[in-house]
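Shown here: upload-v5.txt, compact mmCIF, C-alpha atoms and all ligand atoms.
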```
# COMPACT_ATOMS: atom_id res chain seq x y z
CA MET B 1 -10.24 5.52 -6.77
CA ILE B 2 -10.55 1.76 -6.60
CA GLN B 3 -13.90 0.35 -7.66
CA ILE B 4 -14.73 -3.32 -7.56
CA ASN B 5 -17.97 -4.50 -9.11
CA ASP B 6 -19.32 -8.00 -8.47
CA LEU B 7 -15.91 -9.63 -8.32
CA GLU B 8 -15.71 -13.40 -8.38
CA LYS B 9 -12.48 -15.30 -8.12
CA SER B 10 -11.75 -18.99 -7.78
CA TYR B 11 -8.68 -21.18 -7.74
CA LYS B 12 -8.46 -24.59 -9.32
CA SER B 13 -7.50 -27.33 -6.93
CA GLY B 14 -7.12 -30.50 -9.00
CA THR B 15 -10.43 -30.87 -10.76
CA GLU B 16 -12.25 -28.79 -8.16
CA LYS B 17 -12.95 -25.11 -8.31
CA VAL B 18 -12.58 -23.31 -5.01
CA GLU B 19 -14.46 -20.04 -4.88
CA VAL B 20 -12.43 -17.55 -2.90
CA LEU B 21 -14.18 -14.23 -3.59
CA LYS B 22 -17.95 -14.18 -4.06
CA HIS B 23 -19.79 -11.15 -5.44
CA VAL B 24 -17.45 -8.63 -3.86
CA SER B 25 -18.29 -5.00 -4.60
CA LEU B 26 -16.64 -2.05 -2.94
CA THR B 27 -15.30 1.44 -3.50
CA VAL B 28 -12.12 2.90 -2.08
CA GLU B 29 -12.08 6.68 -2.40
CA ASP B 30 -8.93 8.60 -3.28
CA HIS B 31 -6.70 9.49 -0.31
CA SER B 32 -8.47 7.08 2.01
CA TYR B 33 -7.11 4.68 4.58
CA VAL B 34 -8.76 1.28 4.41
CA SER B 35 -8.27 -1.79 6.56
CA ILE B 36 -9.26 -5.29 5.47
CA VAL B 37 -9.90 -7.77 8.27
CA GLY B 38 -11.29 -11.28 8.48
CA PRO B 39 -10.29 -14.79 9.46
CA SER B 40 -7.46 -16.64 7.79
CA GLY B 41 -8.58 -17.96 4.40
CA SER B 42 -11.40 -15.43 4.00
CA GLY B 43 -9.85 -14.05 0.81
CA LYS B 44 -8.04 -10.92 2.02
CA SER B 45 -4.74 -11.50 0.21
CA THR B 46 -6.53 -12.64 -2.90
CA LEU B 47 -8.55 -9.42 -2.90
CA LEU B 48 -5.36 -7.37 -2.67
CA HIS B 49 -3.76 -9.40 -5.45
CA THR B 50 -6.69 -8.83 -7.76
CA ILE B 51 -6.58 -5.05 -7.13
CA GLY B 52 -2.91 -5.10 -8.08
CA GLY B 53 -3.68 -7.13 -11.19
CA LEU B 54 -1.57 -10.02 -9.96
CA GLU B 55 -4.34 -12.59 -10.34
CA PRO B 56 -6.84 -13.13 -13.14
CA ILE B 57 -10.48 -12.96 -12.08
CA ASP B 58 -13.50 -15.06 -13.11
CA HIS B 59 -16.10 -12.34 -13.22
CA GLY B 60 -16.67 -8.67 -12.46
CA GLU B 61 -14.73 -5.46 -12.83
CA ILE B 62 -11.81 -3.86 -11.07
CA TRP B 63 -11.12 -0.21 -11.74
CA VAL B 64 -7.99 1.46 -10.43
CA ASN B 65 -7.77 5.18 -11.12
CA ASN B 66 -10.11 4.82 -14.10
CA GLN B 67 -8.21 1.92 -15.60
CA ALA B 68 -9.99 -1.39 -16.15
CA VAL B 69 -7.58 -3.81 -14.45
CA HIS B 70 -9.75 -6.77 -15.52
CA LYS B 71 -9.09 -5.94 -19.16
CA LEU B 72 -5.44 -4.93 -19.15
CA LYS B 73 -2.73 -7.00 -20.80
CA ASP B 74 0.44 -7.93 -18.86
CA LYS B 75 2.43 -5.01 -20.22
CA GLN B 76 -0.28 -2.49 -19.33
CA LEU B 77 -0.65 -4.08 -15.90
CA ALA B 78 3.06 -3.70 -15.27
CA LYS B 79 2.75 -0.04 -16.22
CA LEU B 80 -0.26 0.46 -13.93
CA ARG B 81 1.61 -1.13 -11.05
CA LEU B 82 4.67 0.98 -11.72
CA ASN B 83 2.73 4.25 -11.89
CA GLU B 84 -0.03 3.77 -9.35
CA ILE B 85 0.62 0.95 -6.89
CA GLY B 86 3.19 0.18 -4.22
CA TYR B 87 3.07 -3.26 -2.56
CA ILE B 88 4.26 -4.16 0.94
CA PHE B 89 4.33 -7.69 2.36
CA GLN B 90 4.52 -9.33 5.77
CA GLN B 91 7.83 -11.01 4.87
CA PHE B 92 9.38 -7.85 3.37
CA HIS B 93 10.53 -9.72 0.23
CA LEU B 94 13.84 -7.93 -0.08
CA LEU B 95 16.59 -9.31 -2.29
CA PRO B 96 19.12 -10.62 0.27
CA THR B 97 22.18 -10.06 -1.92
CA ALA B 98 21.36 -6.41 -2.62
CA THR B 99 21.92 -3.44 -0.31
CA ALA B 100 19.04 -1.34 1.01
CA LEU B 101 19.74 1.24 -1.70
CA GLU B 102 19.86 -1.38 -4.47
CA ASN B 103 16.61 -2.94 -3.25
CA VAL B 104 14.87 0.43 -3.39
CA MET B 105 16.34 1.20 -6.83
CA MET B 106 14.89 -2.00 -8.27
CA PRO B 107 11.42 -0.86 -9.39
CA LEU B 108 12.99 2.00 -11.33
CA LEU B 109 15.63 0.02 -13.23
CA ASN B 110 15.20 0.54 -16.96
CA VAL B 111 12.83 3.47 -16.30
CA PHE B 112 15.19 6.34 -15.47
CA SER B 113 18.92 6.96 -15.85
CA SER B 114 21.01 5.19 -13.20
CA LYS B 115 22.08 8.49 -11.56
CA ASP B 116 18.46 9.60 -11.18
CA ILE B 117 17.48 6.18 -9.82
CA LYS B 118 20.14 6.35 -7.12
CA GLU B 119 19.02 9.83 -6.11
CA LYS B 120 15.34 8.85 -5.96
CA ALA B 121 16.13 5.70 -3.98
CA LYS B 122 18.19 7.71 -1.49
CA GLU B 123 15.38 10.22 -1.05
CA SER B 124 12.91 7.41 -0.50
CA LEU B 125 15.11 5.79 2.17
CA GLU B 126 15.48 9.18 3.87
CA ARG B 127 11.70 9.52 3.81
CA VAL B 128 11.42 6.42 6.02
CA GLY B 129 14.30 7.45 8.28
CA LEU B 130 16.91 5.06 6.87
CA GLY B 131 19.28 7.54 5.22
CA HIS B 132 22.09 6.20 7.42
CA ARG B 133 21.67 2.55 6.42
CA ILE B 134 21.65 2.70 2.63
CA ASN B 135 24.63 0.40 2.07
CA HIS B 136 23.52 -2.32 4.48
CA LEU B 137 22.43 -5.73 3.28
CA PRO B 138 18.98 -6.79 4.58
CA SER B 139 20.61 -9.38 6.88
CA ARG B 140 22.38 -6.53 8.68
CA LEU B 141 19.10 -4.72 9.35
CA SER B 142 16.45 -5.33 12.03
CA GLY B 143 12.97 -6.48 11.01
CA GLY B 144 11.59 -2.97 11.39
CA GLU B 145 14.41 -1.56 9.29
CA GLN B 146 13.83 -4.20 6.61
CA GLN B 147 10.17 -3.25 6.47
CA ARG B 148 11.18 0.40 6.15
CA VAL B 149 13.36 -0.54 3.16
CA ALA B 150 10.34 -2.31 1.69
CA ILE B 151 8.21 0.81 2.25
CA ALA B 152 10.91 2.95 0.60
CA ARG B 153 10.87 0.55 -2.35
CA ALA B 154 7.09 0.84 -2.58
CA LEU B 155 7.27 4.65 -2.42
CA VAL B 156 10.09 5.19 -4.89
CA THR B 157 7.72 5.09 -7.86
CA LYS B 158 5.47 7.73 -6.22
CA PRO B 159 2.36 5.53 -6.20
CA SER B 160 -1.10 6.93 -5.44
CA ILE B 161 -2.01 3.65 -3.71
CA ILE B 162 -0.15 1.41 -1.29
CA LEU B 163 -1.40 -2.16 -0.88
CA ALA B 164 -0.06 -3.62 2.36
CA ASP B 165 -0.52 -7.30 3.22
CA GLU B 166 -0.07 -7.58 7.01
CA PRO B 167 2.96 -5.27 7.07
CA THR B 168 3.32 -5.58 10.85
CA GLY B 169 2.57 -9.32 11.04
CA ASN B 170 6.22 -10.23 11.38
CA LEU B 171 7.19 -7.50 13.83
CA ASP B 172 6.93 -7.04 17.60
CA SER B 173 4.17 -4.66 18.62
CA GLU B 174 6.40 -1.65 19.33
CA THR B 175 8.18 -1.97 15.97
CA GLY B 176 4.83 -2.57 14.28
CA ARG B 177 3.53 0.65 15.79
CA LYS B 178 6.47 2.59 14.32
CA ILE B 179 5.86 1.06 10.90
CA MET B 180 2.19 2.08 11.13
CA HIS B 181 3.25 5.64 12.03
CA ILE B 182 5.31 5.79 8.84
CA LEU B 183 2.44 4.48 6.71
CA GLU B 184 -0.03 6.88 8.35
CA ASP B 185 2.37 9.77 7.81
CA ILE B 186 2.60 8.86 4.12
CA HIS B 187 -1.18 8.74 4.02
CA VAL B 188 -1.71 12.08 5.77
CA ASN B 189 1.15 14.11 4.31
CA ASP B 190 1.48 12.67 0.81
CA GLY B 191 -2.20 11.81 0.34
CA VAL B 192 -1.41 8.21 -0.58
CA THR B 193 -4.34 5.80 -0.36
CA ILE B 194 -3.52 2.92 1.97
CA VAL B 195 -5.27 -0.44 1.72
CA LEU B 196 -4.05 -2.60 4.55
CA ILE B 197 -4.70 -6.18 5.62
CA THR B 198 -4.32 -6.65 9.35
CA HIS B 199 -5.22 -9.04 12.14
CA ASP B 200 -4.61 -6.32 14.71
CA GLU B 201 -7.87 -4.70 15.74
CA SER B 202 -6.09 -1.66 17.21
CA ILE B 203 -4.58 -1.01 13.76
CA ALA B 204 -7.77 -1.83 11.85
CA LYS B 205 -9.86 0.68 13.76
CA ARG B 206 -7.49 3.56 12.98
CA ALA B 207 -8.46 3.34 9.31
CA ASN B 208 -11.32 5.50 8.04
CA HIS B 209 -12.85 2.63 6.13
CA LYS B 210 -12.95 -0.94 7.38
CA ILE B 211 -13.88 -3.95 5.28
CA GLU B 212 -14.55 -7.26 7.00
CA LEU B 213 -14.41 -10.36 4.82
CA LEU B 214 -15.96 -13.65 5.79
CA ASP B 215 -15.81 -16.68 3.53
CA GLY B 216 -15.08 -14.59 0.43
CA LYS B 217 -17.85 -12.07 0.98
CA VAL B 218 -17.91 -8.56 2.39
CA LYS B 219 -19.57 -9.15 5.75
CA VAL B 220 -19.39 -5.67 7.22
CA GLU B 221 -18.18 -2.44 5.70
CA THR B 222 -17.76 0.66 7.86
CA VAL B 223 -16.88 4.01 6.34
CA SER B 224 -16.36 6.48 9.17
CA LYS B 225 -14.63 9.41 7.50
CA VAL B 226 -12.91 10.10 4.18
P1 LIG G 301 -6.56 -14.66 3.61
O1 LIG G 301 -5.59 -13.63 3.06
O2 LIG G 301 -7.83 -14.05 4.11
O3 LIG G 301 -5.93 -15.56 4.60
P2 LIG G 301 -6.30 -15.86 1.00
O4 LIG G 301 -6.77 -14.88 0.00
O5 LIG G 301 -4.83 -15.99 1.19
O6 LIG G 301 -7.02 -15.57 2.39
O7 LIG G 301 -6.86 -17.30 0.65
C1 LIG G 301 -8.23 -17.55 0.47
C2 LIG G 301 -8.42 -18.99 0.05
O8 LIG G 301 -7.84 -19.19 -1.23
C3 LIG G 301 -7.77 -20.00 0.98
O9 LIG G 301 -8.64 -21.09 1.07
C4 LIG G 301 -6.50 -20.35 0.26
O10 LIG G 301 -6.11 -21.66 0.58
C5 LIG G 301 -6.90 -20.24 -1.18
N1 LIG G 301 -5.76 -19.87 -2.05
C6 LIG G 301 -5.03 -18.74 -1.94
N2 LIG G 301 -4.10 -18.66 -2.90
C7 LIG G 301 -4.24 -19.78 -3.64
C8 LIG G 301 -3.57 -20.30 -4.79
N3 LIG G 301 -2.57 -19.63 -5.38
N4 LIG G 301 -4.01 -21.48 -5.29
C9 LIG G 301 -5.02 -22.14 -4.71
N5 LIG G 301 -5.69 -21.71 -3.64
C10 LIG G 301 -5.31 -20.55 -3.10
P1 LIG G 302 -17.55 -1.94 -22.16
O1 LIG G 302 -17.02 -3.10 -21.39
O2 LIG G 302 -18.91 -2.18 -22.73
O3 LIG G 302 -16.57 -1.33 -23.11
P2 LIG G 302 -16.83 -0.02 -20.17
O4 LIG G 302 -15.58 -0.78 -20.02
O5 LIG G 302 -16.74 1.39 -20.64
O6 LIG G 302 -17.86 -0.80 -21.09
O7 LIG G 302 -17.61 0.00 -18.80
C1 LIG G 302 -18.13 -1.16 -18.26
C2 LIG G 302 -18.92 -0.81 -17.01
O8 LIG G 302 -18.05 -0.16 -16.07
C3 LIG G 302 -20.06 0.16 -17.25
O9 LIG G 302 -21.15 -0.26 -16.49
C4 LIG G 302 -19.53 1.49 -16.74
O10 LIG G 302 -20.56 2.28 -16.20
C5 LIG G 302 -18.58 1.06 -15.65
N1 LIG G 302 -17.47 2.04 -15.52
C6 LIG G 302 -16.90 2.75 -16.50
N2 LIG G 302 -15.92 3.53 -16.03
C7 LIG G 302 -15.86 3.30 -14.70
C8 LIG G 302 -15.04 3.79 -13.65
N3 LIG G 302 -14.07 4.70 -13.84
N4 LIG G 302 -15.24 3.32 -12.41
C9 LIG G 302 -16.19 2.41 -12.19
N5 LIG G 302 -17.01 1.91 -13.13
C10 LIG G 302 -16.84 2.34 -14.37
```

Rewrite the coordinates I just gave you, this time as structure tokens.
Amino acid sequence: MIQINDLEKSYKSGTEKVEVLKHVSLTVEDHSYVSIVGPSGSGKSTLLHTIGGLEPIDHGEIWVNNQAVHKLKDKQLAKLRLNEIGYIFQQFHLLPTATALENVMMPLLNVFSSKDIKEKAKESLERVGLGHRINHLPSRLSGGEQQRVAIARALVTKPSIILADEPTGNLDSETGRKIMHILEDIHVNDGVTIVLITHDESIAKRANHKIELLDGKVKVETVSKV
């Protein structure tokens, strides 16, 4: 479960403090599928970053699977991310000089033996239908395939939560639909909680819990089914 209590977050811009999240409270149940929508600059990415412990907060509490993210030290945060959270981005963020397999192996380096890592990475790529492309560099893959590599990399640690920041934002609508099918399959069949930022209303409404941000506040929250 993700629980956020009265979260406040600002950035410093010169001498000014810009408040980006204002008194945000929300609960994301286990195994749910949540969409976050709202205009550009409303704080969606920042909210995702704070859940993943990537940004310090000014005030409030963030609990992820009973761990107090707001209190964890860097090393504990790294461990939480490794064990519980997979992250997917609009721009894929693959290492261009590494093959698909090597990219997917990356989160597990120094955690398991290299033979195990290779096996797990292969399995993860097969899970997203890319078993036949494991030795390709990202530049040799289509956008949809690159995003599938990124999903395989997020899944390789067996996270309970996937945080996805506009994962279809850089893809044509047909490819985006296929990527959403993969994420929804992971949600339904593996029980992974998905928290997804999107500008696409047809994607947002498929989630069972929709959070609309406006100017750093939760404007509307709709929980239809969990
Ligand atoms: P959204 O994802 O809804 O577009 P963001 O969370 O990216 O919104 O940004 C919210 C606000 O915070 C914007 O005004 C943005 O300019 C500002 N912001 C985001 N990241 C930073 C940063 N690292 N430093 C300063 N300001 C930032
Ligand atoms: P303290 O900061 O005094 O040590 P805790 O960290 O135990 O207290 O809890 C701080 C607040 O968070 C309390 O109000 C508590 O009820 C709430 N809390 C504790 N555990 C959870 C949890 N798993 N999910 C959400 N809220 C929690």

Using all atoms listed in the file, determine which residues lie at most 9 Å from Thr168 of chain B, disregarding the query and same-chain residues fewer than 4 positions distant; provide the list as a compact mmCIF listing (two decimals) with C-alpha atoms, in the frame of the given file.
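Full text of part_5.txt as output:
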```txt
# COMPACT_ATOMS: atom_id res chain seq x y z
CA PHE B 89 4.33 -7.69 2.36
CA GLN B 90 4.52 -9.33 5.77
CA GLY B 144 11.59 -2.97 11.39
CA GLN B 147 10.17 -3.25 6.47
CA ASP B 172 6.93 -7.04 17.60
CA SER B 173 4.17 -4.66 18.62
CA THR B 175 8.18 -1.97 15.97
CA GLY B 176 4.83 -2.57 14.28
CA ARG B 177 3.53 0.65 15.79
CA ILE B 179 5.86 1.06 10.90
CA MET B 180 2.19 2.08 11.13
CA THR B 198 -4.32 -6.65 9.35
CA ASP B 200 -4.61 -6.32 14.71
```

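Going from atom CA of Ala154 of chain B to atom C5 of ligand LIG 302 (chain G) covers 28.8 Å.
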
**Message:** With all atoms listed in the file as the counted atoms, please give the residues lying no more than 10 Å from segment 94-97 of chain B, apart from itself and same-chain residues fewer than 3 positions off, as a PyMOL selection string.
**Reply:** chain B and resi 89+91+100+102-104+106+137-140+146-147+149-150+153

**Request:** Counting all atoms listed in the file, name the residues that have an atom within 7 Å of an atom of ligand LIG 301 (chain G); the answer should be given as a PyMOL selection string.
**Result:** chain B and resi 11-13+20+38-47

**Asked** ligand LIG 302 (chain G): which residues are within 7 Å, counting all atoms listed in the file, as a list in words?
**Response** Gln3, Trp63, Asn65, Asn66, Gln67 and Ala68 of chain B

Output C-alpha atoms for every residue in that selection, as an mmCIF file, keeping the file's coordinate frame.
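Heads up, here's the output in result18.cif:
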```cif
data_model
loop_
_atom_site.group_PDB
_atom_site.id
_atom_site.type_symbol
_atom_site.label_atom_id
_atom_site.label_comp_id
_atom_site.auth_asym_id
_atom_site.auth_seq_id
_atom_site.Cartn_x
_atom_site.Cartn_y
_atom_site.Cartn_z
ATOM 1 C CA GLN B 3 -13.900 0.350 -7.660
ATOM 2 C CA TRP B 63 -11.120 -0.210 -11.740
ATOM 3 C CA ASN B 65 -7.770 5.180 -11.120
ATOM 4 C CA ASN B 66 -10.110 4.820 -14.100
ATOM 5 C CA GLN B 67 -8.210 1.920 -15.600
ATOM 6 C CA ALA B 68 -9.990 -1.390 -16.150
#
```

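Rounded to one decimal, atom CA of Ile4 of chain B and atom CA of Leu80 of chain B lie 16.3 Å from each other.
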
**Prompt:** When distances are computed from all atoms listed in the file, which of B:His187, B:Arg133, B:Arg81, B:Lys219 shows the smallest separation from Leu101 of chain B?
**Reply:** B:Arg133

**Complete:** Pairwise distance, atom CA of Pro167 of chain B with atom CA of Glu84 of chain B, equals 19.0 Å

**Message:** Residues within 9 Å of Asp58 of chain B, please, as a ChimeraX atom specification. Count all atoms listed in the file; anything in the same chain fewer than 2 positions from it doesn't count.
**Reply:** /B:7-10,56,60

Closest atom pairs, residues of segment 28-74 of chain B within 10 Å of segment 160-166 of chain B, all atoms listed in the file, as a Markdown table:
```
| residue | atom | partner | partner_atom | distance |
| --- | --- | --- | --- | --- |
| B:Asp30 | CA | B:Ser160 | CA | 8.3 |
| B:His31 | CA | B:Ser160 | CA | 8.0 |
| B:Ser32 | CA | B:Ile161 | CA | 9.3 |
| B:Tyr33 | CA | B:Ile162 | CA | 9.7 |
| B:Val34 | CA | B:Leu163 | CA | 9.7 |
| B:Ser35 | CA | B:Ala164 | CA | 9.4 |
| B:Ile36 | CA | B:Asp165 | CA | 9.2 |
| B:Val37 | CA | B:Glu166 | CA | 9.9 |
| B:Lys44 | CA | B:Asp165 | CA | 8.4 |
| B:Ser45 | CA | B:Asp165 | CA | 6.7 |
| B:Leu48 | CA | B:Leu163 | CA | 6.8 |
| B:His49 | CA | B:Leu163 | CA | 8.9 |
| B:Ile51 | CA | B:Leu163 | CA | 8.6 |
| B:Gly52 | CA | B:Leu163 | CA | 7.9 |
| B:Val64 | CA | B:Ile161 | CA | 9.3 |
| B:Asn65 | CA | B:Ser160 | CA | 8.9 |
```

Could the residues in this selection be saved with C-alpha atoms as a short mmCIF file (atom, residue, chain, number, x, y, z; two decimals), keeping the file's coordinate frame?
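Result saved to part-v7.cif:
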```
data_model
loop_
_atom_site.label_atom_id
_atom_site.label_comp_id
_atom_site.auth_asym_id
_atom_site.auth_seq_id
_atom_site.Cartn_x
_atom_site.Cartn_y
_atom_site.Cartn_z
CA ASP B 30 -8.93 8.60 -3.28
CA HIS B 31 -6.70 9.49 -0.31
CA SER B 32 -8.47 7.08 2.01
CA TYR B 33 -7.11 4.68 4.58
CA VAL B 34 -8.76 1.28 4.41
CA SER B 35 -8.27 -1.79 6.56
CA ILE B 36 -9.26 -5.29 5.47
CA VAL B 37 -9.90 -7.77 8.27
CA LYS B 44 -8.04 -10.92 2.02
CA SER B 45 -4.74 -11.50 0.21
CA LEU B 48 -5.36 -7.37 -2.67
CA HIS B 49 -3.76 -9.40 -5.45
CA ILE B 51 -6.58 -5.05 -7.13
CA GLY B 52 -2.91 -5.10 -8.08
CA VAL B 64 -7.99 1.46 -10.43
CA ASN B 65 -7.77 5.18 -11.12
#
```

**Asked** Between B:Ser142, B:Gln76, B:Thr157, B:Asn208, which one has atoms that come closest to Leu109 of chain B, using all atoms listed in the file?
**Response** B:Thr157

**Asked** Near Glu29 of chain B, counting all atoms listed in the file, which residues have an atom at most 10 Å away, once you skip same-chain residues fewer than 6 positions from it, shown as a VMD selection string?
**Response** chain B and resid 1 to 3 65 193 209 226

Just write the chosen residues, C-alpha atoms, as a compact mmCIF listing (two decimals), in the coordinates of the input.
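Contents of again.txt, as written:
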```
# COMPACT_ATOMS: atom_id res chain seq x y z
CA MET B 1 -10.24 5.52 -6.77
CA ILE B 2 -10.55 1.76 -6.60
CA GLN B 3 -13.90 0.35 -7.66
CA ASN B 65 -7.77 5.18 -11.12
CA THR B 193 -4.34 5.80 -0.36
CA HIS B 209 -12.85 2.63 6.13
CA VAL B 226 -12.91 10.10 4.18
```

**Prompt:** Using all atoms listed in the file, what residues lie at most 12 Å away from (13.7, 7.1, 1.9) (file coordinates), given as a ChimeraX atom specification?
**Reply:** /B:100-101,103-105,118-134,145,147-158,182,186

**Item:** Nearest residue to Thr99 of chain B from the set B:Leu82, B:Ile197, B:Asn135, B:Gly53 (distances using all atoms listed in the file)
**Value:** B:Asn135

**Item:** Polymer residues at most 10 Å from Glu184 of chain B, only C-alpha atoms, same-chain spacing of 6 or more positions, as a list in words
**Value:** Tyr33, Lys178, Asp190, Gly191, Val192, Thr193, Ile194, Arg206 and Ala207 of chain B
